[in-house]
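Visitor: Submitted below is the structure of interest, expressed as structure tokens.
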Amino acid sequence: MRRHPEFDLMLHDDGELAEALGSPLTERATIHEWPLSCVQRVRTAGGGKFIYKVQAPPTLEAGFYARARSPLLVPARLLEGEGETSALILVEVEAPRLADFRPGEAEAAAIAGDLVRQIAEIEGRPPILFDIASEDGWLQHIGAALDDIRVLIAEGGFSRVDSALADRLEEWSEAPSVLDAIRLPAGFVHADLKADNVLVAAQGDYRILDWQRPIRGPVALDTATLLISLGFDPLRLVPAGIVQLYHFLHIAWFAQAARRWYPQGKPWFDGFIQRIAGELEQAMRKG
């Protein structure tokens, strides 16, 4: 194995991948990378087409594929990693993404409902990153994220996000609309159900990608995420509190990443959180 040239990730070398796939490699190209993951397209002399993914904690995708069973999943298998790095080989399914179809609002809503139903039927008790299916779980999760934000402000890592904004975020996190959303029907949530993560193998036959950070929480979060990714206003289908939770979860993720997983990116995360907080404020006004 070899270390990624920039990030703390361990990648299999060409020989190791060829042995695992049973055929020499003819192509290996990176298609996405950031400090917690590296995704590569791999072709073999035997005609195989694969996606190779190496990931670091807190990503749960390797554990998800080890336990989950569902028609929504592409064929995948785990490779032995090194240290905390996990590695996956996924068959590359040559199918268009849902985003390519540009469905209308009614069709998008129907697809969201179908996907949420199928996600609820996943077997195998796959792992989750955290549980916000109760008020206590939500307040614990967002409280930890707010603690991270305040530490980053105190240390000088954040400048656009200040203490006044942190106080407003705390106040909003306990708003009735947010707490009402937490009490909505809960279950397994993909938590990044964007249209680019949905392959359309045939009409009504979908494959969902990127099971990196699934959670337990209000299942309407996946509906909101899909509609937002397609450019539709989710408030036609989900309560305002769900949209507020959607923004809060992104803020929490970036705060944790800035403090715990990629501190070099603090200026970047600082700007992201400031922008999302502005979107959240607008959503709070609608709630």
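Following the order of the structure tokens, chains are lettered A, B, ..., residues in each are numbered from 1, and ligands are numbered from 1.
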With 12 Å as the cut-off and only C-alpha atoms counted, what is the closest atom pair between each nearby residue of region 106-208 of chain A and region 92-102 of chain A? Distances in Å to one decimal, ordered by chain and number, as a Markdown table.
Guide:
```
| residue | atom | partner | partner_atom | distance |
| --- | --- | --- | --- | --- |
| A:Ala106 | CA | A:Arg102 | CA | 11.6 |
| A:Glu107 | CA | A:Arg102 | CA | 9.6 |
| A:Ala108 | CA | A:Arg102 | CA | 8.7 |
| A:Ile111 | CA | A:Leu98 | CA | 9.6 |
| A:Ala112 | CA | A:Leu98 | CA | 11.0 |
| A:Leu115 | CA | A:Leu98 | CA | 11.8 |
| A:Leu193 | CA | A:Leu98 | CA | 10.8 |
| A:Lys194 | CA | A:Ala99 | CA | 8.4 |
| A:Ala195 | CA | A:Ala99 | CA | 4.9 |
| A:Asp196 | CA | A:Arg97 | CA | 5.6 |
| A:Asn197 | CA | A:Arg97 | CA | 7.0 |
| A:Val198 | CA | A:Leu98 | CA | 5.5 |
| A:Leu199 | CA | A:Arg97 | CA | 4.4 |
| A:Val200 | CA | A:Pro96 | CA | 5.7 |
| A:Ala201 | CA | A:Ala95 | CA | 5.3 |
| A:Ala202 | CA | A:Ala95 | CA | 8.3 |
| A:Gln203 | CA | A:Leu98 | CA | 10.6 |
| A:Gly204 | CA | A:Leu98 | CA | 11.0 |
| A:Asp205 | CA | A:Ala95 | CA | 10.5 |
| A:Tyr206 | CA | A:Leu98 | CA | 8.9 |
| A:Arg207 | CA | A:Val93 | CA | 8.6 |
| A:Ile208 | CA | A:Arg97 | CA | 9.7 |
```
Visitor: Could you turn the residues from that selection into a file that holds C-alpha atoms, as a tab-separated table (two decimals), in the first residue's frame?
Guide:
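Everything below was put into selection.tsv:
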```tsv
chain	number	residue	atom	x	y	z
A	106	ALA	CA	-44.53	16.12	-9.12
A	107	GLU	CA	-42.35	13.36	-10.56
A	108	ALA	CA	-39.45	14.30	-8.27
A	111	ILE	CA	-39.42	9.45	-6.79
A	112	ALA	CA	-38.45	10.82	-3.37
A	115	LEU	CA	-36.68	6.06	-2.50
A	193	LEU	CA	-29.75	11.89	-1.12
A	194	LYS	CA	-28.89	14.31	-3.89
A	195	ALA	CA	-29.99	13.60	-7.46
A	196	ASP	CA	-26.35	13.08	-8.45
A	197	ASN	CA	-26.22	10.16	-5.99
A	198	VAL	CA	-29.18	8.37	-7.61
A	199	LEU	CA	-28.59	6.17	-10.66
A	200	VAL	CA	-31.58	5.36	-12.86
A	201	ALA	CA	-30.92	1.84	-14.16
A	202	ALA	CA	-34.42	1.72	-15.67
A	203	GLN	CA	-37.73	3.43	-15.01
A	204	GLY	CA	-38.43	2.87	-11.34
A	205	ASP	CA	-35.19	0.93	-10.86
A	206	TYR	CA	-32.71	2.99	-8.85
A	207	ARG	CA	-29.27	2.59	-7.31
A	208	ILE	CA	-28.15	4.96	-4.58
```
Visitor: Give me the residues near Phe269 (chain A) as a list in words, where near means some atom within 9 Å (using only C-alpha atoms) and where sequence neighbours in that chain fewer than 4 positions away do not count.
Guide: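 These residues fall inside the cut-off: Phe158, Ile251, Phe254, Ala255, Ala257, Ala258, Gly265, Ile273 and Gln274 of chain A.
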Visitor: Write out as a Markdown table the residues of region 156-272 of chain A that have any atom within 7 Å of an atom of region 116-137 of chain A, one row each with the nearest atom pair and its distance in Å to one decimal, counting only C-alpha atoms, sorted by chain and then rising number.
Guide:
```
| residue | atom | partner | partner_atom | distance |
| --- | --- | --- | --- | --- |
| A:Leu179 | CA | A:Glu135 | CA | 6.6 |
| A:Ile182 | CA | A:Ala133 | CA | 6.0 |
| A:Arg183 | CA | A:Ser134 | CA | 6.7 |
| A:Ala186 | CA | A:Ala133 | CA | 5.9 |
| A:Gly187 | CA | A:Ala120 | CA | 6.7 |
| A:Phe188 | CA | A:Ala120 | CA | 6.2 |
| A:Arg213 | CA | A:Leu129 | CA | 5.8 |
| A:Pro214 | CA | A:Ile128 | CA | 5.2 |
| A:Ile215 | CA | A:Ile128 | CA | 4.7 |
| A:Arg216 | CA | A:Asp131 | CA | 4.7 |
| A:Gly217 | CA | A:Ala133 | CA | 4.3 |
| A:Pro218 | CA | A:Ala133 | CA | 6.4 |
| A:Val219 | CA | A:Val116 | CA | 6.9 |
| A:Asp222 | CA | A:Val116 | CA | 6.9 |
```
Visitor: Point out the residue among A:Ala56, A:Ala240, A:Ala181, A:Leu227 with the least atom-to-atom distance to Trp138 (chain A), counting only C-alpha atoms.
Guide: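 The closest residue to Trp138 (chain A) is A:Ala181.
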Visitor: For the helix (DSSP H, G or I) assignment from backbone DSSP, which residues of region 68-259 of chain A qualify? Please present them as number ranges by chain.
Guide: A: 98-101, 105-120, 135-155, 163-173, 176-182, 195-197, 220-229, 234-236, 240-259
Visitor: Figure out the distance between CA of Pro239 (chain A) and CA of Ala191 (chain A), please, to one decimal in Å.
Guide: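 Result for CA of Ala191 (chain A) versus CA of Pro239 (chain A): 16.9 Å, one decimal.
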Visitor: Kindly assemble as a Markdown table a list of the region 57-95 of chain A residues that lie within 12 Å of region 13-35 of chain A, each paired with its nearest atom pair and their distance in Å to one decimal, using only C-alpha atoms, sorted first by chain and then by ascending residue number.
Guide:
```
| residue | atom | partner | partner_atom | distance |
| --- | --- | --- | --- | --- |
| A:Pro57 | CA | A:Pro35 | CA | 10.4 |
| A:Pro58 | CA | A:Pro35 | CA | 11.6 |
| A:Thr59 | CA | A:Pro35 | CA | 11.4 |
| A:Ala76 | CA | A:Leu21 | CA | 11.9 |
| A:Arg77 | CA | A:Ala20 | CA | 10.2 |
| A:Leu78 | CA | A:Ala20 | CA | 10.2 |
| A:Leu79 | CA | A:Ala20 | CA | 7.9 |
| A:Glu80 | CA | A:Ala20 | CA | 10.1 |
| A:Gly81 | CA | A:Glu16 | CA | 11.3 |
| A:Thr85 | CA | A:Pro35 | CA | 11.6 |
| A:Ala87 | CA | A:Leu17 | CA | 10.8 |
| A:Leu88 | CA | A:Leu17 | CA | 10.8 |
| A:Ile89 | CA | A:Leu21 | CA | 8.9 |
| A:Leu90 | CA | A:Leu21 | CA | 10.9 |
| A:Val91 | CA | A:Leu21 | CA | 10.8 |
```
Visitor: Using C-alpha atoms, can you write the selected residues to a file as a PDB file, in the first residue's frame?
Guide:
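Below you can see out-v3.pdb, which holds the result:
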```
ATOM      1  CA  PRO A  57     -13.265   7.960   9.737  1.00  0.00           C
ATOM      2  CA  PRO A  58     -15.893   9.081  10.471  1.00  0.00           C
ATOM      3  CA  THR A  59     -17.038   7.668   7.117  1.00  0.00           C
ATOM      4  CA  ALA A  76     -19.465  -3.978  -3.676  1.00  0.00           C
ATOM      5  CA  ARG A  77     -16.814  -5.736  -1.645  1.00  0.00           C
ATOM      6  CA  LEU A  78     -14.364  -4.676   0.999  1.00  0.00           C
ATOM      7  CA  LEU A  79     -10.591  -4.766   0.634  1.00  0.00           C
ATOM      8  CA  GLU A  80      -8.309  -5.058   3.612  1.00  0.00           C
ATOM      9  CA  GLY A  81      -7.100  -1.589   4.523  1.00  0.00           C
ATOM     10  CA  THR A  85      -8.374   3.559   6.280  1.00  0.00           C
ATOM     11  CA  ALA A  87     -11.288   0.447   1.071  1.00  0.00           C
ATOM     12  CA  LEU A  88     -14.134  -0.586  -1.209  1.00  0.00           C
ATOM     13  CA  ILE A  89     -14.394  -1.929  -4.723  1.00  0.00           C
ATOM     14  CA  LEU A  90     -17.753  -1.175  -6.328  1.00  0.00           C
ATOM     15  CA  VAL A  91     -18.950  -2.326  -9.718  1.00  0.00           C
TER      16      VAL A  91
END
```
Visitor: From the list A:Leu237, A:Ala154, A:Val54, A:Val178, which residue is nearest Met284 (chain A) when using only C-alpha atoms?
Guide: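 Ranking A:Leu237, A:Ala154, A:Val54, A:Val178 by distance to Met284 (chain A), first place goes to A:Val178.
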Visitor: Return the single residue from A:Val243, A:Leu36, A:Leu169, A:Leu226 that is closest to Glu6 (chain A), with distances computed using only C-alpha atoms.
Guide: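 Among A:Val243, A:Leu36, A:Leu169, A:Leu226, it is A:Leu36 that comes nearest to Glu6 (chain A).
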Visitor: Using only C-alpha atoms, which residue out of A:Arg168, A:Arg150, A:Arg275, A:Arg2 lies closest to Arg259 (chain A)?
Guide: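 Looking at the shortest contact to Arg259 (chain A), the residue is A:Arg150.
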Visitor: Region 27-102 of chain A: which residues are strand (DSSP E) by DSSP, as a VMD selection string?
Guide: chain A and resid 27 to 34 37 to 44 49 to 55 76 to 79 86 to 91
Visitor: Rank A:Gln40, A:Ser173, A:Gln264, A:Gln140 by their smallest atom-to-atom distance to Tyr246 (chain A), using only C-alpha atoms, and report the top residue only.
Guide: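 Among the listed residues, the smallest separation from Tyr246 (chain A) belongs to A:Ser173.
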